[in-house]
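Here is the file entry_34.txt (compact mmCIF, C-alpha atoms and all ligand atoms).
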```txt
# COMPACT_ATOMS: atom_id res chain seq x y z
CA MET A 1 25.06 -13.85 35.65
CA ALA A 2 21.92 -15.06 33.91
CA VAL A 3 18.59 -13.37 34.68
CA ILE A 4 15.57 -15.20 33.30
CA ASN A 5 12.16 -13.55 33.54
CA TYR A 6 8.70 -14.62 32.34
CA ILE A 7 6.18 -12.29 33.87
CA THR A 8 3.34 -11.23 31.54
CA GLN A 9 -0.13 -12.65 31.89
CA ILE A 10 -1.23 -13.60 28.38
CA GLN A 11 -4.80 -14.31 27.25
CA PHE A 12 -4.31 -16.19 24.00
CA GLU A 13 -7.17 -17.46 21.82
CA TYR A 14 -9.67 -16.47 19.17
CA GLY A 15 -12.16 -14.21 20.97
CA ALA A 16 -9.75 -13.27 23.79
CA VAL A 17 -10.58 -9.57 23.35
CA LYS A 18 -13.86 -10.26 25.17
CA LEU A 19 -11.79 -10.50 28.38
CA LEU A 20 -10.70 -6.84 28.22
CA GLN A 21 -13.10 -5.50 30.86
CA ALA A 22 -12.19 -8.34 33.22
CA GLU A 23 -8.49 -7.55 32.71
CA CYS A 24 -9.11 -3.84 33.46
CA ASP A 25 -10.96 -4.85 36.64
CA ARG A 26 -8.20 -7.26 37.67
CA LEU A 27 -5.59 -4.51 37.26
CA ALA A 28 -7.76 -1.77 38.85
CA VAL A 29 -7.79 0.34 35.69
CA ALA A 30 -11.02 2.37 35.96
CA ARG A 31 -10.26 5.17 33.46
CA PRO A 32 -8.18 3.79 30.60
CA MET A 33 -6.76 5.73 27.67
CA LEU A 34 -6.51 3.82 24.42
CA VAL A 35 -3.42 4.32 22.22
CA THR A 36 -3.61 3.33 18.57
CA ASP A 37 -2.96 4.61 15.04
CA ALA A 38 -5.22 5.94 12.31
CA GLY A 39 -4.99 2.77 10.21
CA VAL A 40 -6.06 0.47 13.04
CA ARG A 41 -8.95 2.82 13.80
CA ALA A 42 -10.02 2.93 10.13
CA ALA A 43 -9.98 -0.88 10.04
CA GLY A 44 -12.69 -0.88 12.74
CA LEU A 45 -10.54 -2.54 15.39
CA VAL A 46 -10.77 0.34 17.88
CA ASP A 47 -14.59 0.11 17.84
CA LYS A 48 -14.33 -3.65 18.36
CA VAL A 49 -12.11 -3.12 21.42
CA LEU A 50 -14.17 -0.25 22.87
CA ALA A 51 -17.31 -2.40 22.55
CA GLN A 52 -15.86 -4.71 25.22
CA LEU A 53 -15.74 -1.93 27.84
CA LYS A 54 -18.55 -0.96 30.25
CA ASN A 55 -17.88 2.75 30.06
CA ALA A 56 -16.57 3.14 26.54
CA SER A 57 -17.63 6.78 26.16
CA ALA A 58 -15.27 7.82 28.99
CA VAL A 59 -12.24 6.16 27.38
CA GLY A 60 -9.68 8.58 25.96
CA VAL A 61 -8.43 7.72 22.48
CA PHE A 62 -5.08 8.80 21.02
CA ASP A 63 -5.03 7.59 17.40
CA GLN A 64 -2.08 9.53 15.96
CA THR A 65 0.77 7.06 16.58
CA PRO A 66 3.28 7.42 13.68
CA PRO A 67 4.69 4.27 11.99
CA ASN A 68 7.94 4.71 13.97
CA PRO A 69 6.83 6.45 17.18
CA THR A 70 8.45 9.78 18.00
CA GLU A 71 9.01 11.74 21.18
CA ALA A 72 6.84 14.54 19.74
CA ALA A 73 3.85 12.21 19.25
CA MET A 74 4.43 10.77 22.72
CA ARG A 75 4.22 14.27 24.23
CA VAL A 76 0.80 14.83 22.64
CA ALA A 77 -0.46 11.50 23.99
CA LEU A 78 1.04 12.25 27.41
CA GLN A 79 -0.77 15.59 27.60
CA LEU A 80 -4.06 13.88 26.71
CA TYR A 81 -3.40 11.27 29.41
CA ARG A 82 -2.68 13.92 32.06
CA ASP A 83 -5.58 16.20 31.06
CA GLY A 84 -8.01 13.28 31.18
CA LYS A 85 -6.68 12.02 34.54
CA PHE A 86 -6.53 8.51 33.12
CA ASP A 87 -5.17 5.66 35.24
CA GLY A 88 -3.91 3.13 32.73
CA LEU A 89 -3.30 2.52 29.01
CA ILE A 90 -4.78 0.10 26.50
CA ALA A 91 -2.49 -0.21 23.47
CA VAL A 92 -4.22 -1.45 20.32
CA GLY A 93 -2.05 -1.93 17.26
CA GLY A 94 1.37 -3.06 16.15
CA GLY A 95 4.69 -2.35 17.80
CA SER A 96 4.41 1.39 17.26
CA ALA A 97 1.20 1.88 19.28
CA MET A 98 2.38 -0.49 22.01
CA ASP A 99 5.80 1.16 22.26
CA LEU A 100 4.29 4.65 22.38
CA ALA A 101 1.87 3.56 25.14
CA LYS A 102 4.79 2.16 27.14
CA ALA A 103 6.68 5.47 26.80
CA VAL A 104 3.59 7.38 28.01
CA ALA A 105 3.31 4.95 30.95
CA VAL A 106 6.88 5.84 31.98
CA CYS A 107 6.74 9.62 31.37
CA ALA A 108 3.35 10.00 33.12
CA THR A 109 4.82 8.63 36.33
CA HIS A 110 8.47 9.77 36.27
CA ASP A 111 10.06 13.24 35.98
CA GLY A 112 12.36 14.22 33.15
CA PRO A 113 12.46 14.06 29.35
CA LEU A 114 12.09 10.77 27.46
CA LYS A 115 15.81 10.53 26.69
CA ASN A 116 16.54 10.11 30.42
CA PHE A 117 14.95 6.66 30.19
CA ALA A 118 16.87 5.38 27.14
CA VAL A 119 19.16 2.41 27.83
CA VAL A 120 22.12 4.21 26.27
CA GLU A 121 21.57 7.13 28.68
CA GLY A 122 21.52 4.87 31.75
CA GLY A 123 17.73 4.90 31.83
CA VAL A 124 17.10 1.36 33.10
CA ALA A 125 17.83 2.36 36.71
CA ARG A 126 15.48 5.38 36.51
CA ILE A 127 12.33 3.40 35.65
CA THR A 128 10.42 2.22 38.74
CA ALA A 129 7.37 0.21 39.69
CA ALA A 130 5.40 3.48 39.60
CA THR A 131 5.08 3.00 35.79
CA ALA A 132 1.43 3.18 34.72
CA THR A 133 -0.37 -0.06 33.83
CA VAL A 134 -0.40 -1.06 30.15
CA ILE A 135 -2.77 -3.63 28.66
CA ALA A 136 -1.54 -4.58 25.18
CA ILE A 137 -3.74 -5.88 22.36
CA PRO A 138 -1.68 -6.62 19.24
CA THR A 139 -3.33 -6.28 15.81
CA THR A 140 -0.27 -7.51 13.88
CA ALA A 141 1.83 -10.63 14.39
CA GLY A 142 5.47 -9.58 14.46
CA THR A 143 6.76 -7.24 17.11
CA GLY A 144 5.65 -9.18 20.18
CA SER A 145 5.83 -5.89 22.09
CA GLU A 146 2.82 -7.09 24.15
CA VAL A 147 5.21 -9.27 26.19
CA GLY A 148 8.41 -7.25 25.69
CA ARG A 149 10.18 -5.10 28.26
CA GLY A 150 11.28 -2.64 25.57
CA SER A 151 9.95 0.41 23.76
CA MET A 152 11.70 1.75 20.66
CA MET A 153 11.30 5.51 20.32
CA ILE A 154 12.74 8.21 18.04
CA LEU A 155 13.97 11.05 20.23
CA ASP A 156 13.77 14.76 19.32
CA ASP A 157 17.49 14.56 18.45
CA GLY A 158 16.79 11.90 15.78
CA ARG A 159 18.19 8.88 17.59
CA LYS A 160 16.08 5.72 17.63
CA VAL A 161 16.63 4.40 21.15
CA GLY A 162 15.45 1.51 23.28
CA ILE A 163 13.77 2.12 26.62
CA LEU A 164 14.09 -1.09 28.60
CA SER A 165 12.73 -2.09 31.99
CA PRO A 166 10.90 -5.00 33.56
CA PHE A 167 8.40 -2.36 34.79
CA ILE A 168 7.21 -1.49 31.26
CA VAL A 169 6.25 -5.04 30.38
CA PRO A 170 2.45 -4.86 29.86
CA LYS A 171 0.58 -6.22 32.88
CA SER A 172 -1.75 -7.98 30.50
CA ALA A 173 -1.40 -9.15 26.90
CA ILE A 174 -4.59 -10.01 25.04
CA CYS A 175 -3.58 -11.97 21.93
CA ASP A 176 -6.64 -12.48 19.76
CA PRO A 177 -5.68 -13.70 16.26
CA GLU A 178 -9.15 -12.60 15.06
CA LEU A 179 -7.82 -9.01 15.09
CA THR A 180 -5.15 -9.94 12.51
CA LEU A 181 -7.45 -11.58 9.93
CA GLY A 182 -7.80 -8.35 7.92
CA LEU A 183 -4.09 -7.47 7.92
CA PRO A 184 -2.95 -6.78 4.30
CA ALA A 185 -0.61 -9.30 2.67
CA LEU A 186 2.52 -7.14 2.57
CA LEU A 187 2.15 -6.11 6.21
CA THR A 188 1.54 -9.75 7.17
CA ALA A 189 4.78 -10.70 5.42
CA ALA A 190 6.85 -7.84 6.83
CA THR A 191 5.64 -8.19 10.43
CA GLY A 192 5.90 -11.98 10.18
CA MET A 193 9.54 -11.70 9.11
CA ASP A 194 10.12 -9.51 12.18
CA ALA A 195 8.82 -12.36 14.39
CA ILE A 196 10.99 -14.90 12.54
CA THR A 197 14.01 -12.60 12.91
CA HIS A 198 13.42 -12.26 16.65
CA CYS A 199 13.34 -16.04 17.04
CA MET A 200 16.48 -16.62 14.96
CA GLU A 201 18.48 -13.69 16.20
CA THR A 202 17.88 -14.29 19.90
CA PHE A 203 18.59 -18.00 19.46
CA MET A 204 22.01 -17.08 17.99
CA SER A 205 22.77 -14.54 20.74
CA PRO A 206 25.31 -15.99 23.22
CA ALA A 207 23.69 -15.08 26.59
CA LEU A 208 22.88 -17.95 28.96
CA ASN A 209 19.10 -18.42 28.78
CA PHE A 210 18.14 -21.94 27.74
CA PRO A 211 14.35 -21.54 28.19
CA ALA A 212 14.49 -18.63 25.73
CA GLU A 213 16.24 -20.84 23.17
CA GLY A 214 13.48 -23.44 23.38
CA ILE A 215 10.76 -20.82 23.03
CA ALA A 216 12.62 -19.23 20.09
CA LEU A 217 13.00 -22.50 18.16
CA ASP A 218 9.33 -23.40 18.61
CA GLY A 219 8.35 -19.85 17.58
CA LEU A 220 10.60 -20.13 14.52
CA TRP A 221 8.92 -23.39 13.53
CA ARG A 222 5.45 -21.80 13.80
CA GLY A 223 6.47 -18.65 11.98
CA TRP A 224 8.37 -20.32 9.15
CA ALA A 225 5.70 -22.98 8.55
CA HIS A 226 2.80 -20.50 8.42
CA ILE A 227 4.03 -17.14 7.10
CA GLU A 228 3.31 -17.95 3.45
CA ARG A 229 -0.18 -19.25 4.20
CA ALA A 230 -1.01 -16.20 6.34
CA THR A 231 0.35 -13.86 3.65
CA LYS A 232 -1.39 -15.49 0.68
CA HIS A 233 -4.64 -16.39 2.45
CA GLY A 234 -5.28 -13.74 5.09
CA ASP A 235 -8.41 -15.53 6.32
CA ASP A 236 -6.54 -18.78 7.13
CA LYS A 237 -7.39 -18.93 10.83
CA GLU A 238 -4.93 -21.66 11.69
CA ALA A 239 -2.03 -19.81 10.02
CA ARG A 240 -2.98 -16.56 11.79
CA LEU A 241 -3.05 -18.38 15.15
CA HIS A 242 0.47 -19.75 14.68
CA MET A 243 1.82 -16.40 13.41
CA MET A 244 0.46 -14.67 16.49
CA SER A 245 2.16 -17.23 18.70
CA ALA A 246 5.45 -16.92 16.75
CA SER A 247 5.30 -13.18 17.40
CA THR A 248 4.61 -13.52 21.13
CA GLN A 249 7.23 -16.25 21.50
CA GLY A 250 9.88 -14.23 19.65
CA ALA A 251 9.51 -11.38 22.11
CA MET A 252 9.32 -13.67 25.16
CA ALA A 253 12.63 -15.11 23.98
CA PHE A 254 14.44 -11.92 23.01
CA GLN A 255 14.94 -10.82 26.61
CA LYS A 256 18.06 -12.91 25.90
CA GLY A 257 19.23 -10.19 23.51
CA LEU A 258 19.02 -9.57 19.76
CA GLY A 259 21.91 -8.68 17.47
CA ALA A 260 23.31 -7.09 14.33
CA VAL A 261 20.08 -7.36 12.30
CA HIS A 262 18.32 -5.20 14.84
CA SER A 263 21.17 -2.76 15.49
CA LEU A 264 21.24 -2.02 11.73
CA SER A 265 17.43 -1.87 11.40
CA HIS A 266 17.12 0.49 14.34
CA ALA A 267 19.84 2.70 12.81
CA ILE A 268 18.04 2.99 9.45
CA GLY A 269 14.62 3.29 11.09
CA GLY A 270 15.92 6.32 13.00
CA MET A 271 17.14 7.95 9.76
CA ASN A 272 14.03 7.22 7.71
CA PRO A 273 11.02 6.41 9.91
CA LYS A 274 8.97 5.49 6.82
CA LEU A 275 10.96 2.28 6.29
CA HIS A 276 9.25 -0.72 7.86
CA HIS A 277 11.17 -2.38 10.70
CA GLY A 278 10.19 -5.94 9.75
CA THR A 279 11.05 -5.41 6.08
CA LEU A 280 14.47 -4.04 7.03
CA ASN A 281 15.08 -7.08 9.24
CA ALA A 282 14.17 -9.40 6.37
CA MET A 283 16.77 -7.64 4.18
CA PHE A 284 19.58 -7.93 6.78
CA LEU A 285 18.88 -11.42 8.09
CA PRO A 286 20.62 -13.45 5.31
CA ALA A 287 23.91 -11.51 5.55
CA VAL A 288 23.92 -11.58 9.37
CA ILE A 289 23.34 -15.34 9.41
CA ASN A 290 26.44 -15.69 7.20
CA PHE A 291 28.40 -13.29 9.42
CA ASN A 292 27.44 -15.20 12.58
CA ALA A 293 28.07 -18.66 11.15
CA SER A 294 31.79 -18.67 11.96
CA ALA A 295 31.31 -17.82 15.66
CA GLU A 296 32.71 -20.54 17.92
CA SER A 297 29.63 -20.70 20.17
CA MET A 298 27.39 -21.13 17.09
CA LYS A 299 29.43 -24.18 16.02
CA GLN A 300 29.71 -25.70 19.48
CA ALA A 301 25.95 -25.66 20.02
CA ASN A 302 25.15 -26.69 16.41
CA LYS A 303 23.02 -23.60 16.19
CA LEU A 304 22.68 -23.35 12.41
CA GLU A 305 21.69 -27.03 12.19
CA ARG A 306 19.07 -26.51 14.89
CA ILE A 307 17.72 -23.45 13.09
CA ALA A 308 17.52 -25.46 9.85
CA HIS A 309 15.71 -28.25 11.70
CA ALA A 310 13.11 -25.79 13.06
CA MET A 311 12.59 -24.54 9.49
CA GLY A 312 12.01 -28.08 8.27
CA LEU A 313 15.26 -28.05 6.25
CA SER A 314 18.01 -30.66 6.22
CA ALA A 315 20.90 -30.09 8.66
CA GLN A 316 23.39 -28.89 6.03
CA SER A 317 20.97 -26.54 4.26
CA ASP A 318 21.96 -22.98 3.44
CA VAL A 319 19.73 -21.13 5.92
CA SER A 320 20.75 -17.71 4.61
CA SER A 321 19.66 -18.56 1.04
CA ALA A 322 16.43 -20.06 2.34
CA VAL A 323 15.57 -16.73 4.02
CA LYS A 324 16.37 -14.84 0.81
CA ALA A 325 14.12 -17.15 -1.20
CA MET A 326 11.34 -16.74 1.37
CA ASN A 327 11.58 -12.94 1.13
CA GLN A 328 11.11 -13.27 -2.60
CA ARG A 329 8.13 -15.63 -2.32
CA LEU A 330 6.49 -13.22 0.13
CA GLY A 331 6.83 -10.32 -2.33
CA LEU A 332 9.21 -8.33 -0.10
CA PRO A 333 11.87 -6.07 -1.67
CA SER A 334 14.94 -7.77 -3.13
CA GLY A 335 17.30 -5.67 -1.00
CA LEU A 336 18.05 -2.35 0.68
CA ALA A 337 18.64 -0.56 -2.63
CA GLU A 338 15.01 -1.13 -3.58
CA MET A 339 14.06 0.51 -0.24
CA GLY A 340 16.05 3.64 -1.10
CA VAL A 341 19.19 2.96 0.94
CA THR A 342 22.38 4.26 -0.74
CA GLU A 343 26.10 3.82 -0.04
CA ALA A 344 26.28 7.47 0.98
CA MET A 345 24.17 6.56 4.02
CA TYR A 346 26.57 3.83 5.26
CA PRO A 347 28.73 5.95 7.63
CA ALA A 348 25.70 7.33 9.48
CA ILE A 349 24.01 3.90 9.63
CA ILE A 350 27.18 2.24 10.94
CA GLN A 351 27.84 4.95 13.54
CA SER A 352 24.29 4.58 14.87
CA ALA A 353 24.37 0.74 14.79
CA MET A 354 27.57 0.72 16.89
CA GLN A 355 25.68 2.69 19.61
CA ASP A 356 22.56 0.51 19.54
CA HIS A 357 21.74 -1.67 22.56
CA CYS A 358 21.55 -4.76 20.29
CA HIS A 359 25.12 -4.25 19.00
CA LYS A 360 26.76 -5.90 21.99
CA THR A 361 24.46 -8.92 22.20
CA ASN A 362 25.27 -10.28 18.73
CA VAL A 363 27.21 -13.54 18.79
CA ARG A 364 30.12 -11.81 16.97
CA ILE A 365 30.75 -8.16 17.81
CA ALA A 366 30.73 -6.38 14.45
CA THR A 367 33.42 -3.85 13.55
CA GLU A 368 32.67 -0.87 11.32
CA ALA A 369 34.10 -2.85 8.40
CA ASP A 370 31.87 -5.83 9.26
CA TYR A 371 28.78 -3.62 9.25
CA ALA A 372 29.83 -2.15 5.89
CA GLN A 373 30.16 -5.68 4.48
CA ILE A 374 26.74 -6.70 5.85
CA LEU A 375 25.23 -3.56 4.29
CA ARG A 376 26.83 -4.30 0.90
CA GLU A 377 25.56 -7.89 0.98
CA SER A 378 22.07 -6.70 1.87
CA MET A 379 21.69 -4.20 -0.99
ZN ZN A 401 12.15 -6.46 15.66
```

Written as structure tokens, that's how I'd like the structure from this file.
Ligand SMILES: [Zn+2]
Amino acid sequence: MAVINYITQIQFEYGAVKLLQAECDRLAVARPMLVTDAGVRAAGLVDKVLAQLKNASAVGVFDQTPPNPTEAAMRVALQLYRDGKFDGLIAVGGGSAMDLAKAVAVCATHDGPLKNFAVVEGGVARITAATATVIAIPTTAGTGSEVGRGSMMILDDGRKVGILSPFIVPKSAICDPELTLGLPALLTAATGMDAITHCMETFMSPALNFPAEGIALDGLWRGWAHIERATKHGDDKEARLHMMSASTQGAMAFQKGLGAVHSLSHAIGGMNPKLHHGTLNAMFLPAVINFNASAESMKQANKLERIAHAMGLSAQSDVSSAVKAMNQRLGLPSGLAEMGVTEAMYPAIIQSAMQDHCHKTNVRIATEADYAQILRESM
């Protein structure tokens, strides 16, 4: 059975952040708590957001979101939320801040530890409409978490798990590319490759969701055509606009499911939270494209040709090599080895990838040997 959902209200334009107070009013959020990280705050973006609110001095601010959000950090934010009697969350940042805010929104309104809400623990059925309101304001262009129904969290037991529910989709996404103009080059490249991976990987996933495929291909076109410009010239407003849309579109589309790139990235991200999710995806994408290419449903729907077309390449182009060359032009690492991944880590990575919620939505279900091969090719 195919379930197709498009439910977030998105304000999308340069200057959209000015609509924040109106969005709080629309959603009856009178006492918001803002969730962000120290880097976003240091860049002045928190002040810019707070300046849009009538009663900024009463807004709680949690600015200690780690690069890969943990259950421990979530507990601190949750306590702040409860102590301050706040009634909604404004997430300002990349995927980490948005995902942590979503986890707080669930835990503040439901009993039980965070792990109860993980997909792999049967959590989907436990998350209800009681979930607190989240307004998401992305400051990177990659994760698309502002329109996603997922939150990726590292539990106390070390697992990086997905918490998925239609009720944690932010009630409002404010996508203002202005907030990404100061994003450093390497972060622009890494987050941008995350967006491109979302578009490609969900397009290859076999679930029946044709609208998602259209959104993914258009997002891929925008991302691929503008990532170099946005990386090399951070103040290129047109490139930043298209990268922000590629990011939002990737996440709108990936309700269809992701795949082996993400199951492997989540596995490594759980083991070493310092490794950047988007950079890991960029390393795995070429090998997974090759792995997927022989799948019958890929051939029947001419999927690789359609991906090549969206990238502006000729139909018979080697898409996998094109991604590798792009990684190089963007100044990303040449492979996993450069990021500190060793062969000794393979068994743990593979075991965790096999448990990940993205494992089963890849177009070919990978065996342990397949994952080992993908890892070797991605070194
Ligand atoms: Zn991702």

Mind checking which residues fall within 8 Å of region 47-62 of chain A, counting all atoms listed in the file, ignoring those fewer than 6 positions away in the same chain, and posting them as a CSV table (one decimal) with C-alpha atoms, keeping the file's coordinate frame?
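File written: selection-v3.csv
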```
chain,number,residue,atom,x,y,z
A,17,VAL,CA,-10.6,-9.6,23.4
A,18,LYS,CA,-13.9,-10.3,25.2
A,19,LEU,CA,-11.8,-10.5,28.4
A,20,LEU,CA,-10.7,-6.8,28.2
A,21,GLN,CA,-13.1,-5.5,30.9
A,31,ARG,CA,-10.3,5.2,33.5
A,32,PRO,CA,-8.2,3.8,30.6
A,33,MET,CA,-6.8,5.7,27.7
A,34,LEU,CA,-6.5,3.8,24.4
A,35,VAL,CA,-3.4,4.3,22.2
A,36,THR,CA,-3.6,3.3,18.6
A,37,ASP,CA,-3.0,4.6,15.0
A,41,ARG,CA,-9.0,2.8,13.8
A,77,ALA,CA,-0.5,11.5,24.0
A,80,LEU,CA,-4.1,13.9,26.7
A,81,TYR,CA,-3.4,11.3,29.4
A,84,GLY,CA,-8.0,13.3,31.2
A,86,PHE,CA,-6.5,8.5,33.1
```

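Shortest atom-to-atom contact with Leu275 (chain A) among A:Glu338, A:Asp157, A:Glu228, A:Asp87: A:Glu338, counting all atoms listed in the file.
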
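Proximity to ligand ZN 401 (chain A) was assessed for A:Ala282, A:Ala369, A:Leu330, A:Ala173 counting only C-alpha atoms and all ligand atoms; the smallest distance is recorded for A:Ala282.
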
Env. residues ligand ZN 401 (chain A) / 9 Å / all atoms listed in the file / as a ChimeraX atom specification:
/A:95,142-144,191,193-195,197-198,251,258,261-262,265-266,277-278,281

With all atoms listed in the file as the atoms that count, which of A:Gln79, A:Asp356, A:Met243, A:Phe210 lies nearest to Glu121 (chain A)?
A:Asp356

Selection as a list in words: residues within 9 Å of (21.5, 0.7, 24.6), counting all atoms listed in the file:
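Checking each residue against the 9 Å limit leaves Ala118, Val119, Val120, Glu121, Gly122, Val161, Gly162, Ile163, Leu164, Gln355, Asp356, His357, Cys358, His359 and Lys360 of chain A.
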
In terms of the shortest atom-to-atom distance over all atoms listed in the file, which of A:Leu100, A:Leu186, A:Ile268, A:Val92 is closest to Ser352 (chain A)?
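With all atoms listed in the file as the atom set, the closest residue is A:Ile268.
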
Go through A:Ala91, A:Met74, A:Leu187, A:Val29 one by one, measure the shortest atom-to-atom distance of each to Leu155 (chain A) using all atoms listed in the file, and give the residue with the smallest value.
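Of the candidates, the smallest distance to Leu155 (chain A) is held by A:Met74.
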
Can you tell me how far CA of Thr70 (chain A) sits from CA of Asp156 (chain A), in Å to one decimal?
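Rounded to one decimal, the two atoms are 7.4 Å apart.
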
With a distance cut-off of 8 Å and all atoms listed in the file, select the neighbouring residues of region 283-290 of chain A, excluding the residue or stretch itself and same-chain residues fewer than 2 positions from it, and output the selection as a PDB file with C-alpha atoms, in the frame of the given file.
```pdb
ATOM      1  CA  THR A 197      14.010 -12.600  12.910  1.00  0.00           C
ATOM      2  CA  ALA A 260      23.310  -7.090  14.330  1.00  0.00           C
ATOM      3  CA  VAL A 261      20.080  -7.360  12.300  1.00  0.00           C
ATOM      4  CA  LEU A 264      21.240  -2.020  11.730  1.00  0.00           C
ATOM      5  CA  SER A 265      17.430  -1.870  11.400  1.00  0.00           C
ATOM      6  CA  THR A 279      11.050  -5.410   6.080  1.00  0.00           C
ATOM      7  CA  LEU A 280      14.470  -4.040   7.030  1.00  0.00           C
ATOM      8  CA  ASN A 281      15.080  -7.080   9.240  1.00  0.00           C
ATOM      9  CA  ASN A 292      27.440 -15.200  12.580  1.00  0.00           C
ATOM     10  CA  ALA A 293      28.070 -18.660  11.150  1.00  0.00           C
ATOM     11  CA  SER A 294      31.790 -18.670  11.960  1.00  0.00           C
ATOM     12  CA  VAL A 319      19.730 -21.130   5.920  1.00  0.00           C
ATOM     13  CA  SER A 320      20.750 -17.710   4.610  1.00  0.00           C
ATOM     14  CA  SER A 321      19.660 -18.560   1.040  1.00  0.00           C
ATOM     15  CA  VAL A 323      15.570 -16.730   4.020  1.00  0.00           C
ATOM     16  CA  LYS A 324      16.370 -14.840   0.810  1.00  0.00           C
ATOM     17  CA  PRO A 333      11.870  -6.070  -1.670  1.00  0.00           C
ATOM     18  CA  SER A 334      14.940  -7.770  -3.130  1.00  0.00           C
ATOM     19  CA  GLY A 335      17.300  -5.670  -1.000  1.00  0.00           C
ATOM     20  CA  LEU A 336      18.050  -2.350   0.680  1.00  0.00           C
ATOM     21  CA  ILE A 374      26.740  -6.700   5.850  1.00  0.00           C
ATOM     22  CA  LEU A 375      25.230  -3.560   4.290  1.00  0.00           C
ATOM     23  CA  GLU A 377      25.560  -7.890   0.980  1.00  0.00           C
ATOM     24  CA  SER A 378      22.070  -6.700   1.870  1.00  0.00           C
ATOM     25  CA  MET A 379      21.690  -4.200  -0.990  1.00  0.00           C
TER      26      MET A 379
END
```

In the coordinates of the file, take the point (11.0, -23.9, 20.6) and a cut-off of 12 Å; then, counting all atoms listed in the file, name each qualifying protein, DNA or RNA residue as a ChimeraX atom specification.
/A:199-200,202-203,210-223,245-246,249-250,252-253,306-307,309-311

Selected residues written out, C-alpha atoms, as a CSV table (one decimal), in the frame of the given file:
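What follows is the written file result.csv:
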```csv
chain,number,residue,atom,x,y,z
A,199,CYS,CA,13.3,-16.0,17.0
A,200,MET,CA,16.5,-16.6,15.0
A,202,THR,CA,17.9,-14.3,19.9
A,203,PHE,CA,18.6,-18.0,19.5
A,210,PHE,CA,18.1,-21.9,27.7
A,211,PRO,CA,14.4,-21.5,28.2
A,212,ALA,CA,14.5,-18.6,25.7
A,213,GLU,CA,16.2,-20.8,23.2
A,214,GLY,CA,13.5,-23.4,23.4
A,215,ILE,CA,10.8,-20.8,23.0
A,216,ALA,CA,12.6,-19.2,20.1
A,217,LEU,CA,13.0,-22.5,18.2
A,218,ASP,CA,9.3,-23.4,18.6
A,219,GLY,CA,8.4,-19.8,17.6
A,220,LEU,CA,10.6,-20.1,14.5
A,221,TRP,CA,8.9,-23.4,13.5
A,222,ARG,CA,5.4,-21.8,13.8
A,223,GLY,CA,6.5,-18.6,12.0
A,245,SER,CA,2.2,-17.2,18.7
A,246,ALA,CA,5.4,-16.9,16.8
A,249,GLN,CA,7.2,-16.2,21.5
A,250,GLY,CA,9.9,-14.2,19.6
A,252,MET,CA,9.3,-13.7,25.2
A,253,ALA,CA,12.6,-15.1,24.0
A,306,ARG,CA,19.1,-26.5,14.9
A,307,ILE,CA,17.7,-23.4,13.1
A,309,HIS,CA,15.7,-28.2,11.7
A,310,ALA,CA,13.1,-25.8,13.1
A,311,MET,CA,12.6,-24.5,9.5
```

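Distance-wise, CA of Ile7 (chain A) and CA of Cys175 (chain A) end up 15.4 Å apart.
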
CA of Glu178 (chain A) to CA of Gly15 (chain A), distance in Å rounded to a single decimal:
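Distance reported for this atom pair: 6.8 Å.
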
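Distance check against Ala267 (chain A) using only C-alpha atoms: of A:Arg159, A:Arg82, A:Arg240, A:Lys115, the minimum falls on A:Arg159.
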
For Glu238 (chain A), work out the shell of residues within 12 Å, counting only C-alpha atoms and skipping chain neighbours fewer than 2 positions away, then give it as a PyMOL selection string.
chain A and resi 13-14+177-178+180-181+222-223+225-227+229-230+233-236+240-245

Please provide as a PDB file with C-alpha atoms, in the frame of the given file all residues within 7 Å of Pro69 (chain A), with the sequence filter that same-chain residues fewer than 4 positions apart are discarded (counting only C-alpha atoms).
```pdb
ATOM      1  CA  THR A  65       0.770   7.060  16.580  1.00  0.00           C
ATOM      2  CA  ALA A  73       3.850  12.210  19.250  1.00  0.00           C
ATOM      3  CA  SER A  96       4.410   1.390  17.260  1.00  0.00           C
ATOM      4  CA  LEU A 100       4.290   4.650  22.380  1.00  0.00           C
ATOM      5  CA  MET A 153      11.300   5.510  20.320  1.00  0.00           C
ATOM      6  CA  ILE A 154      12.740   8.210  18.040  1.00  0.00           C
TER       7      ILE A 154
END
```
